[in-house]
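Take a look at the structure below.
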Amino acid sequence: MLKINHLALFLSLFLVLSSCTSDNTDDDNKINKTANLQGLGDSAHDLLSDERFTSMNIEIAYVNDYAPSQQAIAEFKNFLQDRVYKPDGIQISMRAVESSGKAPFDIEEIAAIEKDTRSLYNVGDEIAVFIYFADGSSEKDEENRFVLGSAFRNTSMVIYGETIKNFANRPNAPSKADIEAATLNHEFGHLFGLVDLGTEPQSDHKDEEYPGHCNVSGCLMQASIEFGSGIVDVIDGGSIPGLDDQCIFDLQKNGGK
């Protein structure tokens with residue numbers, strides 16, 4: 001993911017927000033949010049296994065006109081079901097939210113939007129994940145390199161909906177649904193702790209040039225998935241790449257399927 005995951009990787013340095021207990025608790029609902037404000041990869045085992053959490057509740061907030069396609073959501077849910085042990089199920093809910101009007105975004109702005117928008121947090125034996133489909137692009141975009149998404153906390157990620165929509169309209173580009181699905185799956189791979197972001201590698205398959213990524217050709221966790229400029233090469237004929245055997249083995253050793 002090219003630069004997208006440089007973004008995610010360094011979040012633990014500047015986005016692990018420190019605050020007192022009162023800052024992380026909703027005074028009206030008495031919800032402690034601290035468990036969902038940790039560093040990238042810190043909840044990999046909890047997301048993968050049923051040891052502590054037996055269900056997963058995913059909240060997708062999208063700005064109007066940037067809702068993910070049903071096809072992408074179906075592909076995404078299948079990806080999760082293939083990798084996690086959640087005997088009580090995986091719930092995905094979607095709702096429209098107002099535009100922040102702040103695009104292009106830096107990751108601190110996305111974190112602020114999450115603070116104002118997110119409504120689901122871990123409770124009981126249910127782990128919660130927040131995904132924001134933004135109506136704009138990343139400030140990290142460069143010429144011919146467009147950030148499609150970024151995982152930034154242990155249960156938080158952003159998908160740059162406007163960037164995906166614009167890229168899908170280009171000649172010979174993959175469909176919007178395929179790009180959304182590939183980006184969702186890739187970024188959730190980082191929440192799973194891949195590669196070496198909380199899930200320990202069992203073999204040598206880390207990309208030394210792009211930390212947090214896999215060096216195996218055709219793997220979902222290749223850095224090129226994160227940038228629009230490389231996604232044409234990895235989505236071949238509408239086929240969304242999957243995890244290679246080494247990434248799957250890493251997840252299995254950390255409690256996943």
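Following the order of the structure tokens, first chain is A, next is B, and so on, with residues numbered from 1 inside each chain and ligands from 1 in the order they appear.
With only C-alpha atoms taken into account, the protein and nucleic acid residues at most 6 Å from A:Ser137 (excluding it and anything under 3 positions from it in its own chain) are Pro104, Tyr160 and Thr163 of chain A.
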Need the shell around A:Asp245: protein/DNA/RNA residues with any atom at most 12 Å away, counting only C-alpha atoms. Skip same-chain ones fewer than 5 positions apart. Format as a CSV table (one decimal) with N, CA, C and O atoms, in the first residue's frame?
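File written: out_34.csv
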chain,number,residue,atom,x,y,z
A,201,PRO,N,5.1,-12.5,12.5
A,201,PRO,CA,5.4,-13.3,11.3
A,201,PRO,C,6.0,-14.6,11.6
A,201,PRO,O,6.9,-14.7,12.5
A,202,GLN,N,5.5,-15.7,11.0
A,202,GLN,CA,6.1,-17.0,11.2
A,202,GLN,C,7.1,-17.4,10.2
A,202,GLN,O,7.8,-18.4,10.3
A,203,SER,N,7.3,-16.5,9.2
A,203,SER,CA,8.3,-16.7,8.1
A,203,SER,C,8.7,-15.3,7.6
A,203,SER,O,8.2,-14.3,8.0
A,205,HIS,N,8.5,-12.8,5.2
A,205,HIS,CA,7.7,-12.3,4.1
A,205,HIS,C,7.4,-10.9,4.2
A,205,HIS,O,6.5,-10.3,3.6
A,214,CYS,N,3.4,-7.3,2.8
A,214,CYS,CA,3.9,-8.6,2.4
A,214,CYS,C,4.7,-8.4,1.1
A,214,CYS,O,4.3,-7.7,0.2
A,216,VAL,N,5.2,-11.0,-1.0
A,216,VAL,CA,4.8,-12.1,-1.8
A,216,VAL,C,3.9,-11.6,-3.0
A,216,VAL,O,2.9,-11.0,-2.7
A,217,SER,N,4.3,-11.9,-4.2
A,217,SER,CA,3.6,-11.4,-5.3
A,217,SER,C,2.1,-11.9,-5.3
A,217,SER,O,1.9,-13.1,-5.1
A,218,GLY,N,1.2,-11.1,-5.5
A,218,GLY,CA,-0.2,-11.5,-5.6
A,218,GLY,C,-0.9,-11.5,-4.3
A,218,GLY,O,-2.2,-11.7,-4.2
A,219,CYS,N,-0.2,-11.3,-3.2
A,219,CYS,CA,-0.9,-11.3,-1.9
A,219,CYS,C,-1.7,-10.0,-1.6
A,219,CYS,O,-1.3,-8.9,-2.1
A,220,LEU,N,-2.8,-10.1,-0.9
A,220,LEU,CA,-3.6,-9.0,-0.6
A,220,LEU,C,-2.8,-7.9,0.2
A,220,LEU,O,-3.2,-6.7,0.1
A,221,MET,N,-1.8,-8.3,0.9
A,221,MET,CA,-1.1,-7.4,1.8
A,221,MET,C,0.1,-6.7,1.1
A,221,MET,O,0.9,-6.1,1.7
A,250,ASP,N,0.3,-16.8,9.6
A,250,ASP,CA,0.5,-15.8,10.7
A,250,ASP,C,-0.7,-15.6,11.5
A,250,ASP,O,-0.7,-15.6,12.8
A,251,LEU,N,-1.9,-15.4,10.8
A,251,LEU,CA,-3.1,-15.2,11.5
A,251,LEU,C,-3.6,-16.4,12.3
A,251,LEU,O,-4.1,-16.3,13.4
A,252,GLN,N,-3.4,-17.5,11.7
A,252,GLN,CA,-3.8,-18.8,12.4
A,252,GLN,C,-3.0,-18.9,13.7
A,252,GLN,O,-3.5,-19.3,14.8
A,257,LYS,N,-8.4,-18.2,11.7
A,257,LYS,CA,-8.6,-19.4,10.9
A,257,LYS,C,-7.5,-19.5,9.8
A,257,LYS,O,-7.0,-18.5,9.3
* All residues 12 Å or closer to A:His45, only C-alpha atoms, same chain fewer than 4 positions away omitted, as a ChimeraX atom specification -> /A:41,49-53,83-86,127,154-155,191-194,197-200,250-257
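If you count only C-alpha atoms and ignore residues fewer than 6 places along the chain from A:Leu80, what sits within 12 Å of it is Leu47, Leu48, Ser49, Ser55, Met56, Asn57, Ile58, Ile73, Ala74, Lys86, Gly89, Ile90, Gln91, Ile92, Ala181, Leu184, Asn185, His186, Glu187, Phe188, Gly189, Leu191, Phe192, Gly242, Leu243, Leu251, Gly256 and Lys257 of chain A.
In this model, the gap between atom CA of A:Phe152 and atom CA of A:Phe105 comes to 13.3 Å.
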* Asked: What is the distance between atom CA of A:Asn32 and atom CA of A:Val158, in Å to one decimal?
  ->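 According to the coordinates, atom CA of A:Asn32 and atom CA of A:Val158 are separated by 22.1 Å.
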* Which of these residues is nearest to A:Ala223, using only C-alpha atoms: A:Leu120, A:Ile248, A:Ile110, A:Val195? ->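 Nearest to A:Ala223: A:Val195.
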* So which one's closest to A:Met94, A:Asp116, A:Asp196, A:Glu59, A:Glu143? Using only C-alpha atoms, please. -> A:Glu59
* Could you check how far atom CA of A:Gln71 sits from atom CA of A:Lys140, in Å to one decimal? =>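 Value for the atom CA of A:Gln71-atom CA of A:Lys140 distance: 28.0 Å.
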* Where in stretch 71-231 of chain A does DSSP assign strand (DSSP E), given as a list in words? ->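 The strand (DSSP E) residues within stretch 71-231 of chain A come out as Ile90, Gln91, Ile92, Ser93, Met94, Arg95, Ala96, Val97, Glu126, Ile127, Ala128, Val129, Phe130, Ile131, Tyr132, Phe133, Ala134, Gly149, Ser150, Ala151, Phe152, Arg153, Ser156, Met157, Val158, Ile159 and Tyr160 of chain A.
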* Asked: Using the chain letters and numbers from this document, which residues of stretch 20-201 of chain A does DSSP assign to alpha helix (DSSP H), as a VMD selection string?
  -> chain A and resid 44 to 48 70 to 83 107 to 117 161 to 168 176 to 191
* Asked: So which one's closest to A:Ile107, A:His190, A:Arg153, A:Lys77, A:Lys176? Using only C-alpha atoms, please.
  ->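 Of the candidates, the smallest distance to A:Ile107 is held by A:Arg153.
For the set A:Val63, A:Ala72, A:Ala44, A:Ala111, the residue with the smallest atom-to-atom gap to A:Arg95 is A:Val63, counting only C-alpha atoms.
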